[in-house]
Amino acid sequence: MPKTSHRTKSFGESVIRGMTRLANEWGAINLSQGFPDFDPPAAVLEAAERAAREGPHQYAITWGAPNFRAALARKQSRYMRLALDPDANVVVTCGSTEAMMVAMMTACDPGDQVVVFSPFYENYAADAILCGAHPIHVELHPPQFRFDPAELRRAFEQRPRALVLCNPSNPSGKVFTREELLCIASLAEEFDTFVITDEVYEHIVYAPHEHHYFASLPGMFERTISCSSLSKTYSMTGWRLGYVIASPSIINEARKVHDFLTVGAAAPLQEAAVTALELPDSYYQELQALYTGKRTTFLNYLNSARLKYTQPEGAYYVMVDISEFGWKSDAAFCEWLTREIGVAAVPGSSFFHEPVNHLIRLHFAKHHETLAAVGERLLELREKAGRASSRTRAEAAKILA
């Protein structure tokens, strides 16, 4: 029997999606995989009903339906403060997951190196491996998750082809300051490097922090490949509508990669999502207020449970410190938490290049009633953790092995 490729041996299945399966198995509240338990805006759902009845039901233009690209270009031009052409600057993808893969394959050749900040969203390492590139990890030092400019320079001195920038950051919730972004920009220009951005949480930022689009920085548009999606902004993670924004020379190449990866995103969903892209600015203000309230509510529950955490500046994730409970394996702790407490989290080790085993990631994109139920369950955590015997921990570790 022939052997499968070597590239698949160097990474495993998604830890995040694995925790979702575990949550389903034990009937736990799923705070691991970052999707909300509430629907997209009512107007968008009505548009989806019309599209389901009236179409279009056949292929859209490979790189995106014209009306979707036009609406997206209008909206992003307003927020990115760039004059974007829907025909020259946009490729519509099947979610930001494909957008990142398209960007990586457009920028990199096999053997190239890519700078990745650690902690990182787990897909980035797999993306690099799948396109034959090698990651250079630069630590974001907790608890503020700031990078050391000298460490970053040393990474650039290795002549990477690209740097991956997740801003606001998943999993840390960090929002990069303009000064930090200008430092990255200076190095990218000096070493002639692409910057691939993942900005899916662009509209979920907490005051006084502000999101700055990297492509909008002076001189950066020509070397930036901006990736994002509609998933988080409009609570439609299952619609799988993402996009790449870049200069025409980059987009011409990205279109070819996208065409042979997926052909195109779902035509009726693009039609319906035009309604989302045409929502007024007040929608984004209300979205920020909504998540600011959820963050406050959830952090209060963590405080009541006397848990240590880093307050997120953006996105909807919280990194919680579990070191006081004495578990050597964060993965085993998350399995125990799912089974015994009924709350599913992601072990932090899946996000770090460094040997970090004392952090877990929770998210709060849930109804307040759901968060209240989580809060009640977390109140039992300290007592039950104290009763957890070494045998229980060994059994949990064995289950995950």
# chains A, B, ... in the order shown; residues from 1 in each chain; ligands from 1
>>> residues_around(residues="range 130-140 of chain A", least_positions_apart="3", cutoff="7 Å", atoms="only C-alpha atoms", output="NGL selection string")
:A and (7 or 105 or 108-119 or 125-127 or 145-147 or 151-152 or 155 or 353)
>>> select_by_dssp(residues="range 164-384 of chain A", states="strand (DSSP E)", output="mmCIF file with C-alpha atoms, in the first residue's frame")
data_model
loop_
_atom_site.group_PDB
_atom_site.id
_atom_site.type_symbol
_atom_site.label_atom_id
_atom_site.label_comp_id
_atom_site.auth_asym_id
_atom_site.auth_seq_id
_atom_site.Cartn_x
_atom_site.Cartn_y
_atom_site.Cartn_z
ATOM 1 C CA VAL A 164 1.820 36.593 9.706
ATOM 2 C CA LEU A 165 0.032 39.178 11.831
ATOM 3 C CA CYS A 166 -3.214 38.336 13.643
ATOM 4 C CA PHE A 194 5.303 40.444 2.774
ATOM 5 C CA VAL A 195 2.947 40.932 5.736
ATOM 6 C CA ILE A 196 -0.065 38.611 5.759
ATOM 7 C CA THR A 197 -2.750 39.917 8.111
ATOM 8 C CA ASP A 198 -5.597 38.026 9.740
ATOM 9 C CA THR A 224 0.373 43.577 2.597
ATOM 10 C CA ILE A 225 -2.020 40.697 1.939
ATOM 11 C CA SER A 226 -5.058 41.453 4.105
ATOM 12 C CA CYS A 227 -7.246 38.489 5.045
ATOM 13 C CA SER A 228 -10.564 38.590 6.842
ATOM 14 C CA SER A 229 -14.098 37.224 6.751
ATOM 15 C CA GLY A 242 -13.865 35.330 3.524
ATOM 16 C CA TYR A 243 -11.701 37.534 1.375
ATOM 17 C CA VAL A 244 -8.232 38.688 0.442
ATOM 18 C CA ILE A 245 -7.500 42.370 -0.192
ATOM 19 C CA LYS A 308 -6.463 34.607 37.044
ATOM 20 C CA TYR A 309 -6.606 35.857 33.457
ATOM 21 C CA THR A 310 -5.306 38.444 31.011
ATOM 22 C CA TYR A 317 -11.157 35.155 23.959
ATOM 23 C CA VAL A 318 -9.665 35.079 27.446
ATOM 24 C CA MET A 319 -6.450 33.325 28.432
ATOM 25 C CA VAL A 320 -6.938 31.888 31.934
ATOM 26 C CA ASP A 321 -4.031 30.844 34.165
ATOM 27 C CA VAL A 343 -17.285 23.789 30.362
ATOM 28 C CA ALA A 344 -15.072 23.172 27.319
ATOM 29 C CA VAL A 346 -8.806 24.936 24.607
ATOM 30 C CA PRO A 347 -5.418 23.988 26.094
ATOM 31 C CA LEU A 359 -2.977 28.563 30.207
ATOM 32 C CA ILE A 360 -6.346 27.701 28.700
ATOM 33 C CA ARG A 361 -8.472 29.695 26.250
ATOM 34 C CA LEU A 362 -12.171 30.414 26.833
ATOM 35 C CA HIS A 363 -14.456 32.550 24.695
#
>>> atom_distance(atom1="CA of Glu157 in chain A", atom2="CA of His141 in chain A")
20.4 Å
>>> residues_around(residues="Thr237 in chain A", least_positions_apart="5", cutoff="7 Å", atoms="only C-alpha atoms", output="list in words")
Phe35, Ser231 and Lys232 of chain A
>>> closest_residue(among="A:Gly238, A:Cys94, A:Thr338, A:Ala150", to="Gly34 in chain A", atoms="only C-alpha atoms")
A:Gly238
>>> atom_distance(atom1="CA of Trp239 in chain A", atom2="CA of Trp63 in chain A")
16.4 Å
>>> residues_around(residues="range 252-257 of chain A", least_positions_apart="5", cutoff="9 Å", atoms="only C-alpha atoms", output="PyMOL selection string")
chain A and resi 62-63+88-92+101-103+105-107+244+247+262
>>> write_last_selection(atoms="N, CA, C and O atoms", output="compact mmCIF listing (two decimals), in the first residue's frame")
# COMPACT_ATOMS: atom_id res chain seq x y z
N THR A 62 -15.44 33.23 -10.26
CA THR A 62 -14.53 32.52 -9.36
C THR A 62 -14.05 33.38 -8.20
O THR A 62 -14.06 32.95 -7.04
N TRP A 63 -13.62 34.60 -8.45
CA TRP A 63 -13.03 35.42 -7.39
C TRP A 63 -14.07 36.27 -6.67
O TRP A 63 -13.73 37.16 -5.91
N ALA A 88 -9.98 44.93 -8.91
CA ALA A 88 -8.52 44.86 -8.89
C ALA A 88 -7.93 44.47 -7.54
O ALA A 88 -6.79 44.01 -7.49
N ASN A 89 -8.71 44.63 -6.45
CA ASN A 89 -8.12 44.48 -5.12
C ASN A 89 -8.75 43.38 -4.26
O ASN A 89 -8.37 43.25 -3.09
N VAL A 90 -9.69 42.61 -4.79
CA VAL A 90 -10.46 41.69 -3.94
C VAL A 90 -10.54 40.30 -4.55
O VAL A 90 -10.78 40.14 -5.74
N VAL A 91 -10.34 39.28 -3.69
CA VAL A 91 -10.68 37.90 -4.01
C VAL A 91 -11.56 37.38 -2.88
O VAL A 91 -11.19 37.49 -1.70
N VAL A 92 -12.72 36.84 -3.22
CA VAL A 92 -13.62 36.26 -2.23
C VAL A 92 -13.27 34.78 -2.07
O VAL A 92 -13.07 34.06 -3.05
N MET A 101 -4.67 30.59 3.52
CA MET A 101 -3.94 29.62 2.71
C MET A 101 -3.59 30.21 1.35
O MET A 101 -2.48 30.03 0.84
N VAL A 102 -4.54 30.93 0.76
CA VAL A 102 -4.29 31.60 -0.52
C VAL A 102 -3.15 32.60 -0.37
O VAL A 102 -2.24 32.67 -1.20
N ALA A 103 -3.19 33.39 0.71
CA ALA A 103 -2.15 34.39 0.93
C ALA A 103 -0.78 33.74 1.09
O ALA A 103 0.21 34.20 0.51
N MET A 105 0.25 30.78 0.04
CA MET A 105 0.72 30.15 -1.19
C MET A 105 1.05 31.18 -2.26
O MET A 105 1.89 30.93 -3.12
N THR A 106 0.41 32.34 -2.19
CA THR A 106 0.73 33.41 -3.13
C THR A 106 2.08 34.05 -2.79
O THR A 106 2.86 34.40 -3.69
N ALA A 107 2.38 34.17 -1.50
CA ALA A 107 3.61 34.85 -1.08
C ALA A 107 4.83 33.95 -1.06
O ALA A 107 5.95 34.42 -1.30
N VAL A 244 -9.59 38.15 0.47
CA VAL A 244 -8.23 38.69 0.44
C VAL A 244 -8.30 40.06 -0.22
O VAL A 244 -8.94 40.22 -1.25
N SER A 247 -2.86 44.58 -3.41
CA SER A 247 -2.60 45.34 -4.63
C SER A 247 -2.89 44.47 -5.85
O SER A 247 -2.92 43.24 -5.76
N THR A 262 -10.55 26.10 -4.48
CA THR A 262 -11.97 25.90 -4.18
C THR A 262 -12.92 26.33 -5.29
O THR A 262 -14.13 26.16 -5.14
>>> residues_around(residues="range 182-193 of chain A", least_positions_apart="4", cutoff="8 Å", atoms="only C-alpha atoms", output="number ranges by chain")
A: 149, 153, 156-157, 159-163, 178, 217, 220, 223
>>> write_last_selection(atoms="C-alpha atoms", output="PDB file, in the first residue's frame")
ATOM      1  CA  PRO A 149      11.886  44.520  18.838  1.00  0.00           C
ATOM      2  CA  ARG A 153      14.784  42.001  14.076  1.00  0.00           C
ATOM      3  CA  PHE A 156      13.840  39.314   9.943  1.00  0.00           C
ATOM      4  CA  GLU A 157      17.585  38.932   9.592  1.00  0.00           C
ATOM      5  CA  ARG A 159      15.294  36.771   5.424  1.00  0.00           C
ATOM      6  CA  PRO A 160      11.730  35.456   5.727  1.00  0.00           C
ATOM      7  CA  ARG A 161       9.386  35.808   2.782  1.00  0.00           C
ATOM      8  CA  ALA A 162       6.450  36.866   4.960  1.00  0.00           C
ATOM      9  CA  LEU A 163       5.246  37.674   8.457  1.00  0.00           C
ATOM     10  CA  ARG A 178       0.262  51.774  16.035  1.00  0.00           C
ATOM     11  CA  LEU A 217       0.150  52.319   7.160  1.00  0.00           C
ATOM     12  CA  MET A 220       2.507  49.155   3.311  1.00  0.00           C
ATOM     13  CA  ARG A 223       3.443  44.468   0.480  1.00  0.00           C
TER      14      ARG A 223
END
>>> atom_distance(atom1="CA of His358 in chain A", atom2="CA of Asn300 in chain A")
21.1 Å
>>> select_by_dssp(residues="range 150-215 of chain A", states="helix (DSSP H, G or I)", output="compact mmCIF listing (two decimals) with N, CA, C and O atoms, in the first residue's frame")
# COMPACT_ATOMS: atom_id res chain seq x y z
N ALA A 150 14.08 43.63 19.36
CA ALA A 150 15.37 43.00 19.03
C ALA A 150 15.16 41.56 18.58
O ALA A 150 15.81 41.10 17.63
N GLU A 151 14.27 40.83 19.23
CA GLU A 151 13.96 39.46 18.82
C GLU A 151 13.32 39.45 17.44
O GLU A 151 13.63 38.58 16.60
N LEU A 152 12.44 40.41 17.19
CA LEU A 152 11.79 40.47 15.89
C LEU A 152 12.81 40.79 14.79
O LEU A 152 12.78 40.20 13.71
N ARG A 153 13.73 41.69 15.07
CA ARG A 153 14.78 42.00 14.08
C ARG A 153 15.61 40.76 13.75
O ARG A 153 15.94 40.52 12.58
N ARG A 154 15.95 39.98 14.77
CA ARG A 154 16.74 38.77 14.53
C ARG A 154 15.97 37.80 13.63
O ARG A 154 16.56 37.11 12.79
N ALA A 155 14.66 37.77 13.79
CA ALA A 155 13.85 36.91 12.91
C ALA A 155 13.89 37.43 11.47
O ALA A 155 14.05 36.65 10.52
N PHE A 156 13.79 38.74 11.29
CA PHE A 156 13.84 39.31 9.94
C PHE A 156 15.22 39.14 9.32
O PHE A 156 15.33 39.03 8.08
N ARG A 178 -0.26 51.20 17.28
CA ARG A 178 0.26 51.77 16.04
C ARG A 178 1.79 51.77 16.05
O ARG A 178 2.42 51.50 15.02
N GLU A 179 2.38 52.03 17.21
CA GLU A 179 3.84 52.03 17.32
C GLU A 179 4.40 50.64 17.03
O GLU A 179 5.44 50.50 16.36
N GLU A 180 3.76 49.61 17.55
CA GLU A 180 4.21 48.24 17.29
C GLU A 180 4.09 47.91 15.81
O GLU A 180 4.97 47.27 15.22
N LEU A 181 2.99 48.33 15.20
CA LEU A 181 2.78 48.06 13.78
C LEU A 181 3.82 48.80 12.93
O LEU A 181 4.31 48.26 11.92
N LEU A 182 4.15 50.02 13.31
CA LEU A 182 5.16 50.78 12.57
C LEU A 182 6.53 50.12 12.69
O LEU A 182 7.33 50.16 11.74
N CYS A 183 6.81 49.51 13.84
CA CYS A 183 8.06 48.76 14.00
C CYS A 183 8.10 47.58 13.03
O CYS A 183 9.11 47.35 12.35
N ILE A 184 6.99 46.84 12.94
CA ILE A 184 6.91 45.72 12.00
C ILE A 184 7.04 46.24 10.57
O ILE A 184 7.75 45.65 9.74
N ALA A 185 6.37 47.34 10.28
CA ALA A 185 6.40 47.90 8.93
C ALA A 185 7.82 48.30 8.52
O ALA A 185 8.24 48.05 7.37
N SER A 186 8.54 48.89 9.44
CA SER A 186 9.92 49.31 9.15
C SER A 186 10.79 48.11 8.79
O SER A 186 11.57 48.16 7.83
N LEU A 187 10.64 47.03 9.54
CA LEU A 187 11.43 45.83 9.27
C LEU A 187 10.98 45.16 7.97
O LEU A 187 11.82 44.66 7.20
N ALA A 188 9.68 45.15 7.72
CA ALA A 188 9.17 44.55 6.48
C ALA A 188 9.72 45.29 5.26
O ALA A 188 10.08 44.67 4.25
N GLU A 189 9.81 46.60 5.36
CA GLU A 189 10.35 47.39 4.26
C GLU A 189 11.85 47.17 4.13
O GLU A 189 12.38 47.00 3.02
N GLU A 190 12.56 47.17 5.25
CA GLU A 190 14.00 47.01 5.23
C GLU A 190 14.41 45.67 4.63
O GLU A 190 15.38 45.60 3.84
N PHE A 214 -3.07 47.22 8.95
CA PHE A 214 -1.67 47.29 8.57
C PHE A 214 -1.50 47.82 7.15
O PHE A 214 -0.58 48.59 6.86
N ALA A 215 -2.40 47.44 6.25
CA ALA A 215 -2.30 47.88 4.85
C ALA A 215 -2.44 49.39 4.71
O ALA A 215 -2.03 49.95 3.69
>>> residues_around(residues="Leu279 in chain A", least_positions_apart="6", cutoff="10 Å", atoms="only C-alpha atoms", output="compact mmCIF listing (two decimals) with N, CA and C atoms, in the first residue's frame")
# COMPACT_ATOMS: atom_id res chain seq x y z
N PRO A 41 -27.76 39.20 11.87
CA PRO A 41 -28.84 40.20 11.89
C PRO A 41 -30.07 39.73 11.12
N ALA A 43 -32.13 41.18 9.13
CA ALA A 43 -32.19 41.58 7.72
C ALA A 43 -31.36 40.65 6.85
N VAL A 44 -30.27 40.14 7.38
CA VAL A 44 -29.41 39.22 6.63
C VAL A 44 -30.10 37.86 6.48
N LYS A 75 -17.43 48.97 1.76
CA LYS A 75 -17.35 48.92 3.22
C LYS A 75 -15.90 48.98 3.70
>>> closest_residue(among="A:Thr370, A:Gln288, A:Ser32, A:Ser249", to="Tyr301 in chain A", atoms="only C-alpha atoms")
A:Thr370
>>> closest_residue(among="A:Ala267, A:His368, A:Gly342, A:Phe260", to="Gly293 in chain A", atoms="only C-alpha atoms")
A:His368
>>> residues_around(residues="Pro168 in chain A", least_positions_apart="6", cutoff="8 Å", atoms="only C-alpha atoms", output="list in words")
Lys174, Val175, Phe176, Glu199, Val200, Tyr201, Glu202, Ile204, Val205, His211, Glu313, Gly314 and Ala315 of chain A
>>> write_last_selection(atoms="all heavy atoms", output="short mmCIF file (atom, residue, chain, number, x, y, z; two decimals), in the first residue's frame")
data_model
loop_
_atom_site.label_atom_id
_atom_site.label_comp_id
_atom_site.auth_asym_id
_atom_site.auth_seq_id
_atom_site.Cartn_x
_atom_site.Cartn_y
_atom_site.Cartn_z
N LYS A 174 -4.81 40.34 22.21
CA LYS A 174 -3.96 41.53 22.08
C LYS A 174 -4.37 42.36 20.86
O LYS A 174 -4.68 41.83 19.79
CB LYS A 174 -2.50 41.11 21.92
CG LYS A 174 -1.56 42.29 21.64
CD LYS A 174 -0.14 41.83 21.40
CE LYS A 174 0.76 42.99 20.96
NZ LYS A 174 0.80 44.09 21.96
N VAL A 175 -4.37 43.67 21.04
CA VAL A 175 -4.52 44.60 19.93
C VAL A 175 -3.19 45.33 19.77
O VAL A 175 -2.73 46.02 20.70
CB VAL A 175 -5.67 45.60 20.18
CG1 VAL A 175 -5.71 46.66 19.08
CG2 VAL A 175 -7.00 44.87 20.26
N PHE A 176 -2.55 45.18 18.63
CA PHE A 176 -1.25 45.80 18.40
C PHE A 176 -1.39 47.32 18.31
O PHE A 176 -2.29 47.83 17.64
CB PHE A 176 -0.62 45.26 17.12
CG PHE A 176 -0.11 43.85 17.23
CD1 PHE A 176 -0.98 42.77 17.16
CD2 PHE A 176 1.25 43.60 17.41
CE1 PHE A 176 -0.51 41.47 17.27
CE2 PHE A 176 1.73 42.31 17.52
CZ PHE A 176 0.85 41.23 17.46
N GLU A 199 -7.39 39.63 10.09
CA GLU A 199 -8.08 40.71 10.80
C GLU A 199 -9.57 40.41 10.98
O GLU A 199 -10.41 41.31 10.90
CB GLU A 199 -7.86 42.03 10.07
CG GLU A 199 -6.40 42.44 10.05
CD GLU A 199 -6.11 43.68 9.22
OE1 GLU A 199 -6.20 43.60 7.99
OE2 GLU A 199 -5.77 44.72 9.82
N VAL A 200 -9.90 39.15 11.27
CA VAL A 200 -11.31 38.77 11.36
C VAL A 200 -12.02 39.43 12.55
O VAL A 200 -13.25 39.53 12.55
CB VAL A 200 -11.48 37.24 11.44
CG1 VAL A 200 -11.00 36.58 10.16
CG2 VAL A 200 -10.79 36.66 12.65
N TYR A 201 -11.25 39.89 13.54
CA TYR A 201 -11.87 40.56 14.70
C TYR A 201 -11.72 42.07 14.61
O TYR A 201 -11.72 42.76 15.64
CB TYR A 201 -11.24 40.02 15.99
CG TYR A 201 -11.41 38.53 16.13
CD1 TYR A 201 -10.36 37.65 15.81
CD2 TYR A 201 -12.62 37.97 16.54
CE1 TYR A 201 -10.52 36.28 15.89
CE2 TYR A 201 -12.78 36.59 16.64
CZ TYR A 201 -11.73 35.76 16.31
OH TYR A 201 -11.90 34.40 16.39
N GLU A 202 -11.62 42.59 13.41
CA GLU A 202 -11.36 44.01 13.20
C GLU A 202 -12.39 44.92 13.88
O GLU A 202 -12.06 46.06 14.25
CB GLU A 202 -11.31 44.31 11.69
CG GLU A 202 -12.59 43.94 10.96
CD GLU A 202 -12.40 43.79 9.46
OE1 GLU A 202 -12.08 44.79 8.79
OE2 GLU A 202 -12.58 42.66 8.96
N ILE A 204 -14.19 44.05 16.66
CA ILE A 204 -14.40 43.67 18.06
C ILE A 204 -13.17 44.10 18.84
O ILE A 204 -12.22 43.34 19.04
CB ILE A 204 -14.67 42.16 18.19
CG1 ILE A 204 -15.86 41.75 17.30
CG2 ILE A 204 -14.95 41.80 19.65
CD1 ILE A 204 -16.13 40.26 17.28
N VAL A 205 -13.16 45.37 19.24
CA VAL A 205 -12.03 46.00 19.93
C VAL A 205 -12.59 46.81 21.09
O VAL A 205 -13.63 47.47 20.96
CB VAL A 205 -11.23 46.91 18.97
CG1 VAL A 205 -10.08 47.58 19.69
CG2 VAL A 205 -10.72 46.11 17.78
N HIS A 211 -8.16 49.54 16.53
CA HIS A 211 -7.59 48.66 15.50
C HIS A 211 -7.05 49.51 14.36
O HIS A 211 -7.75 50.38 13.82
CB HIS A 211 -8.66 47.71 14.96
CG HIS A 211 -8.16 46.86 13.83
ND1 HIS A 211 -7.14 45.95 14.00
CD2 HIS A 211 -8.50 46.79 12.52
CE1 HIS A 211 -6.89 45.34 12.85
NE2 HIS A 211 -7.70 45.84 11.94
N GLU A 313 -7.93 42.81 24.93
CA GLU A 313 -8.07 44.15 24.36
C GLU A 313 -8.97 44.13 23.12
O GLU A 313 -9.49 45.17 22.72
CB GLU A 313 -6.69 44.68 24.00
CG GLU A 313 -5.74 44.76 25.19
CD GLU A 313 -4.30 44.99 24.81
OE1 GLU A 313 -3.97 44.90 23.60
OE2 GLU A 313 -3.48 45.28 25.72
N GLY A 314 -9.09 42.96 22.52
CA GLY A 314 -9.93 42.78 21.34
C GLY A 314 -10.28 41.31 21.19
O GLY A 314 -9.86 40.47 21.99
N ALA A 315 -11.06 40.99 20.15
CA ALA A 315 -11.57 39.63 19.91
C ALA A 315 -12.45 39.20 21.10
O ALA A 315 -12.84 40.03 21.92
CB ALA A 315 -10.44 38.64 19.66
#
>>> closest_residue(among="A:Leu290, A:Met1, A:Leu241, A:Ala276", to="Gly264 in chain A", atoms="only C-alpha atoms")
A:Leu241
